[in-house]
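Novice: Got run_3.tsv for you, TSV, C-alpha atoms:
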chain	number	residue	atom	x	y	z
A	7	MET	CA	14.47	-9.53	29.41
A	8	ILE	CA	17.62	-11.04	27.92
A	9	HIS	CA	15.64	-12.26	24.90
A	10	SER	CA	14.29	-8.74	24.42
A	11	ALA	CA	17.77	-7.18	24.64
A	12	LEU	CA	19.20	-9.70	22.17
A	13	LEU	CA	16.32	-9.06	19.79
A	14	GLU	CA	16.76	-5.29	20.04
A	15	ARG	CA	20.48	-5.64	19.25
A	16	ARG	CA	19.68	-7.92	16.29
A	17	VAL	CA	17.14	-5.43	14.90
A	18	ALA	CA	19.58	-2.54	15.44
A	19	HIS	CA	22.31	-4.50	13.65
A	20	LEU	CA	19.98	-5.38	10.75
A	21	LEU	CA	18.94	-1.75	10.32
A	22	ALA	CA	22.53	-0.49	10.45
A	23	SER	CA	24.05	-3.13	8.18
A	24	SER	CA	21.35	-3.63	5.55
A	25	GLY	CA	22.12	-0.64	3.37
A	26	GLY	CA	18.80	0.88	4.30
A	27	HIS	CA	15.64	1.90	2.53
A	28	ARG	CA	14.46	5.41	1.78
A	29	ASN	CA	11.24	4.83	3.74
A	30	VAL	CA	12.88	3.45	6.89
A	31	VAL	CA	14.81	5.72	9.26
A	32	ALA	CA	18.51	5.08	8.72
A	33	SER	CA	20.34	3.60	11.69
A	34	TYR	CA	24.01	4.56	11.72
A	35	PHE	CA	25.21	2.62	14.73
A	36	HIS	CA	24.14	1.37	18.14
A	37	PHE	CA	25.76	0.87	21.49
A	38	GLN	CA	24.83	-0.42	24.90
A	39	GLU	CA	25.60	1.36	28.13
A	40	HIS	CA	24.59	-0.16	31.43
A	41	GLN	CA	21.34	-1.92	30.51
A	42	CYS	CA	20.18	0.53	27.85
A	43	LEU	CA	20.52	0.11	24.09
A	44	TYR	CA	21.05	3.36	22.20
A	45	LEU	CA	20.47	3.75	18.47
A	46	VAL	CA	22.03	6.61	16.55
A	47	GLY	CA	19.94	7.30	13.50
A	48	GLU	CA	18.87	9.70	10.84
A	49	PHE	CA	17.48	13.09	11.84
A	50	CYS	CA	14.05	13.72	10.35
A	51	ASN	CA	13.38	17.45	10.20
A	52	ASP	CA	9.60	17.51	9.74
A	53	GLY	CA	8.35	15.64	12.81
A	54	ASP	CA	5.93	12.74	12.78
A	55	LEU	CA	2.99	12.02	10.50
A	56	TYR	CA	0.36	12.28	13.25
A	57	THR	CA	1.48	15.79	14.23
A	58	HIS	CA	1.59	16.77	10.56
A	59	LEU	CA	-1.94	15.45	10.04
A	60	THR	CA	-3.37	17.27	13.05
A	61	SER	CA	-1.58	20.58	12.51
A	62	HIS	CA	-1.14	20.92	8.73
A	63	THR	CA	-4.36	19.58	7.26
A	64	ARG	CA	-7.94	20.76	7.30
A	65	ASN	CA	-9.83	19.09	10.16
A	66	GLY	CA	-7.05	16.51	10.57
A	67	VAL	CA	-8.03	14.85	7.28
A	68	MET	CA	-5.81	14.20	4.27
A	69	ASP	CA	-7.15	14.24	0.71
A	70	GLU	CA	-7.21	10.93	-1.15
A	71	GLN	CA	-4.35	11.73	-3.53
A	72	SER	CA	-2.04	12.81	-0.71
A	73	SER	CA	-2.99	9.77	1.37
A	74	VAL	CA	-2.13	7.44	-1.53
A	75	HIS	CA	1.27	9.15	-1.87
A	76	VAL	CA	1.96	8.83	1.87
A	77	MET	CA	0.71	5.26	2.26
A	78	THR	CA	2.60	4.06	-0.82
A	79	GLN	CA	5.83	5.18	0.84
A	80	ILE	CA	4.87	3.49	4.10
A	81	PHE	CA	3.90	0.28	2.23
A	82	HIS	CA	7.33	0.23	0.57
A	83	GLY	CA	9.06	0.66	3.93
A	84	VAL	CA	7.01	-2.08	5.58
A	85	ASP	CA	7.58	-4.42	2.63
A	86	TYR	CA	11.32	-3.87	3.09
A	87	LEU	CA	11.07	-4.68	6.81
A	88	HIS	CA	9.06	-7.85	6.18
A	89	ARG	CA	10.72	-9.24	3.05
A	90	VAL	CA	14.31	-8.01	3.20
A	91	LEU	CA	15.04	-7.70	6.91
A	92	GLY	CA	12.59	-10.39	8.01
A	93	ILE	CA	11.16	-8.35	10.87
A	94	ALA	CA	7.65	-7.29	11.84
A	95	HIS	CA	7.33	-3.84	13.41
A	96	ARG	CA	4.35	-4.44	15.78
A	97	ASP	CA	3.91	-0.74	16.57
A	98	LEU	CA	3.05	0.83	13.23
A	99	SER	CA	1.22	4.11	13.75
A	100	LEU	CA	1.12	7.63	12.38
A	101	GLU	CA	3.23	8.63	15.38
A	102	ASN	CA	5.98	6.19	14.33
A	103	VAL	CA	6.29	7.53	10.79
A	104	LEU	CA	8.71	10.44	10.64
A	105	LEU	CA	8.86	12.99	7.83
A	106	HIS	CA	12.02	14.26	6.21
A	107	ASP	CA	11.99	16.55	3.18
A	108	GLY	CA	8.67	15.13	1.97
A	109	GLU	CA	9.60	11.48	2.53
A	110	CYS	CA	7.88	9.16	5.02
A	111	LYS	CA	10.24	7.10	7.16
A	112	ILE	CA	9.22	4.30	9.51
A	113	SER	CA	10.81	4.58	12.96
A	114	ASP	CA	10.73	3.11	16.49
A	115	PHE	CA	11.64	-0.55	16.25
A	116	GLY	CA	11.53	-1.27	19.99
A	117	LEU	CA	8.72	-3.84	19.68
A	118	SER	CA	9.94	-5.50	16.46
A	119	VAL	CA	10.25	-9.26	16.22
A	120	ASP	CA	11.35	-11.82	13.68
A	121	ALA	CA	8.62	-11.94	11.03
A	122	ALA	CA	8.25	-15.72	11.39
A	123	THR	CA	7.54	-15.49	15.13
A	124	ARG	CA	4.05	-16.10	16.46
A	125	CYS	CA	3.23	-13.59	19.17
A	126	LYS	CA	0.81	-13.43	22.05
A	127	ALA	CA	1.87	-10.21	23.76
A	128	ARG	CA	-0.52	-7.27	23.63
A	129	VAL	CA	1.86	-4.60	22.31
A	130	GLY	CA	1.57	-1.43	20.27
A	131	LYS	CA	-0.89	1.44	20.36
A	132	GLU	CA	-4.42	0.21	20.98
A	133	TYR	CA	-6.18	2.07	18.16
A	134	TYR	CA	-3.82	0.46	15.63
A	135	MET	CA	-3.86	-3.08	17.06
A	136	ALA	CA	-5.36	-5.99	15.15
A	137	PRO	CA	-8.31	-7.62	16.97
A	138	GLU	CA	-6.30	-10.76	17.75
A	139	VAL	CA	-3.55	-8.65	19.33
A	140	VAL	CA	-6.08	-6.73	21.45
A	141	ALA	CA	-7.56	-10.05	22.56
A	142	GLY	CA	-4.13	-11.40	23.51
A	143	LYS	CA	-4.45	-14.33	21.10
A	144	THR	CA	-1.52	-15.93	19.29
A	145	ASN	CA	-1.03	-13.91	16.11
A	146	ASP	CA	1.09	-13.45	13.02
A	147	PRO	CA	2.92	-10.12	13.54
A	148	VAL	CA	3.18	-9.52	9.79
A	149	LYS	CA	-0.61	-9.74	9.44
A	150	ALA	CA	-0.97	-7.51	12.51
A	151	ASP	CA	1.30	-4.95	10.79
A	152	ILE	CA	-0.95	-5.06	7.72
A	153	TRP	CA	-4.01	-4.40	9.90
A	154	SER	CA	-2.19	-1.41	11.40
A	155	LEU	CA	-1.49	-0.06	7.90
A	156	GLY	CA	-5.21	-0.16	7.14
A	157	ILE	CA	-6.00	1.70	10.36
A	158	MET	CA	-3.35	4.30	9.54
A	159	TRP	CA	-4.92	4.92	6.12
A	160	PHE	CA	-8.39	5.09	7.67
A	161	ILE	CA	-7.20	7.76	10.11
A	162	LEU	CA	-5.54	9.76	7.33
A	163	LEU	CA	-8.82	9.83	5.38
A	164	THR	CA	-11.28	10.33	8.23
A	165	GLY	CA	-9.30	12.04	10.96
A	166	SER	CA	-10.44	9.53	13.55
A	167	PRO	CA	-9.69	5.94	14.61
A	168	LEU	CA	-11.80	3.03	13.40
A	169	CYS	CA	-13.30	2.44	16.84
A	170	CYS	CA	-14.11	4.86	19.63
A	171	GLU	CA	-13.17	2.19	22.14
A	172	VAL	CA	-10.73	-0.59	21.44
A	173	ARG	CA	-12.95	-2.99	23.39
A	174	SER	CA	-15.60	-2.58	20.68
A	175	ILE	CA	-13.54	-4.65	18.23
A	176	LEU	CA	-13.41	-7.61	20.61
A	177	PRO	CA	-16.00	-10.35	20.19
A	178	MET	CA	-18.76	-10.37	22.79
A	179	SER	CA	-18.37	-13.13	25.35
A	180	ALA	CA	-21.32	-15.42	26.04
Any chance you could give the structure as structure tokens?
Specialist:
Amino acid sequence: MIHSALLERRVAHLLASSGGHRNVVASYFHFQEHQCLYLVGEFCNDGDLYTHLTSHTRNGVMDEQSSVHVMTQIFHGVDYLHRVLGIAHRDLSLENVLLHDGECKISDFGLSVDAATRCKARVGKEYYMAPEVVAGKTNDPVKADIWSLGIMWFILLTGSPLCCEVRSILPMSA
């Protein structure tokens, strides 16, 4: 638990002190009270991308041109997290992308880790998890983030997750 709290404070500090990126929710400051860490960040007036997709598009599907525009913004934000801040998100999803005046902004860094870390924990939203994460195998969180990006784009274009059941992406055991 202490490791987790230290990591959360480090991520909060990185987000607040880095100067920011237009496709990552701005973090203004953070504080800890009792055993809870609070982040004070940018208000995004248009909700999350999943809600937008399900309530503002035809059949919950985005056209190709719009999806390219949206995913390009998300790619830029994730690239900033990986290359500049050195963190992997580990919970990328349409629900964790907020919208503000037409801009996509990545949010919710509660599961983030150092990008160089190798992880074994099964974290994130199942439909977006890389197969190795679902299986609980040691994984590269940056590569797992990239898998999640592909799933996000798939959902934008089709309106449904890649698999009906997450178990269907696991290898069959003998």
Novice: I'd like a table as CSV: residues in stretch 39-126 of chain A with an atom no more than 9 Å from stretch 21-34 of chain A, each row giving the shortest atom pair and its distance in Å to one decimal, all atoms listed in the file counted, sorted by chain and rising residue number.
Specialist:
residue,atom,partner,partner_atom,distance
A:Leu45,CA,A:Ser33,CA,6.8
A:Val46,CA,A:Tyr34,CA,5.6
A:Gly47,CA,A:Ser33,CA,4.1
A:Glu48,CA,A:Ala32,CA,5.1
A:Phe49,CA,A:Val31,CA,8.3
A:Cys50,CA,A:Val31,CA,8.1
A:Gln79,CA,A:Asn29,CA,6.1
A:Ile80,CA,A:Asn29,CA,6.5
A:Phe81,CA,A:Asn29,CA,8.8
A:His82,CA,A:Asn29,CA,6.8
A:Gly83,CA,A:Asn29,CA,4.7
A:Val84,CA,A:Val30,CA,8.2
A:Tyr86,CA,A:His27,CA,7.2
A:Leu87,CA,A:Val30,CA,8.3
A:Val90,CA,A:Ser24,CA,8.6
A:Leu91,CA,A:Ser24,CA,7.6
A:Val103,CA,A:Val30,CA,8.7
A:Leu104,CA,A:Val31,CA,7.8
A:Glu109,CA,A:Asn29,CA,7.0
A:Cys110,CA,A:Asn29,CA,5.6
A:Lys111,CA,A:Asn29,CA,4.2
A:Ile112,CA,A:Val30,CA,4.6
A:Ser113,CA,A:Val31,CA,5.6
A:Asp114,CA,A:Val31,CA,8.7
Novice: Pick the closest to A:Ile161 from A:Ser99, A:Asn145, A:Asn51, A:Ser61: which is it, counting all atoms listed in the file?
Specialist: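 Among A:Ser99, A:Asn145, A:Asn51, A:Ser61, it is A:Ser99 that comes nearest to A:Ile161.
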Novice: Can you tell me, as a list of chain:residue names, what residues are no more than 12 Å from A:Lys149 when counting all atoms listed in the file, ignoring any on the same chain fewer than 4 positions away?
Specialist: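 Listed by chain and then number, they are A:Val84, A:Asp85, A:His88, A:Ile93, A:Ala94, A:His95, A:Arg96, A:Leu98, A:Ala121, A:Ala122, A:Thr123, A:Arg124, A:Cys125, A:Met135, A:Ala136, A:Pro137, A:Glu138, A:Val139, A:Thr144, A:Asn145, A:Trp153, A:Ser154, A:Leu155, A:Gly156.
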Novice: What does the distance between atom CA of A:Tyr134 and atom CA of A:Asp52 come to in Å, to one decimal place?
Specialist: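 Taking atom CA of A:Tyr134 and atom CA of A:Asp52, their separation equals 22.5 Å.
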Novice: Need the neighbours of (-4.1, 8.8, 2.6): which residues are at most 9 Å away, counting only C-alpha atoms, as a list in words?
Specialist: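 Protein and nucleic acid residues near the point are Val67, Met68, Asp69, Glu70, Gln71, Ser72, Ser73, Val74, His75, Val76, Met77, Thr78, Met158, Trp159, Phe160, Ile161, Leu162 and Leu163 of chain A.
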Novice: Kindly give the distance, in Å, that separates atom CA of A:Gly53 and atom CA of A:Leu105, rounded to a single decimal.
Specialist: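 Separating atom CA of A:Gly53 from atom CA of A:Leu105 is a distance of 5.7 Å.
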Novice: Work out how far apart atom CA of A:Pro147 and atom CA of A:Leu43 are and give it in Å to one decimal.
Specialist: 22.9 Å
Novice: Quick one: residues within 10 Å of A:Leu59, all atoms listed in the file counted, chain neighbours fewer than 3 positions away excluded, as JSON, numbers by chain?
Specialist: {"A": [54, 55, 56, 62, 63, 64, 65, 66, 67, 68, 100, 161, 162, 165]}
Novice: Would you please work out which residue, of A:Lys143, A:His106, A:Arg89, A:His36, is nearest to A:Asp120 when using only C-alpha atoms?
Specialist: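 Of the candidates, the smallest distance to A:Asp120 is held by A:Arg89.
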Novice: Point out the residue among A:Arg128, A:Gln41, A:Thr57, A:Phe35 with the least atom-to-atom distance to A:Val140, counting all atoms listed in the file.
Specialist: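 The shortest atom-to-atom distance to A:Val140 comes from A:Arg128.
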Novice: Of the residues A:Ile157, A:Val119, A:Gln38, A:Ala18, which is the one nearest to A:Cys169, using only C-alpha atoms?
Specialist: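 Under the stated criterion, the closest residue is A:Ile157.
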Novice: Go through A:His58, A:His40, A:Lys131, A:Arg15 and flag the residue nearest A:Asp151, using all atoms listed in the file for the distances.
Specialist: A:Lys131
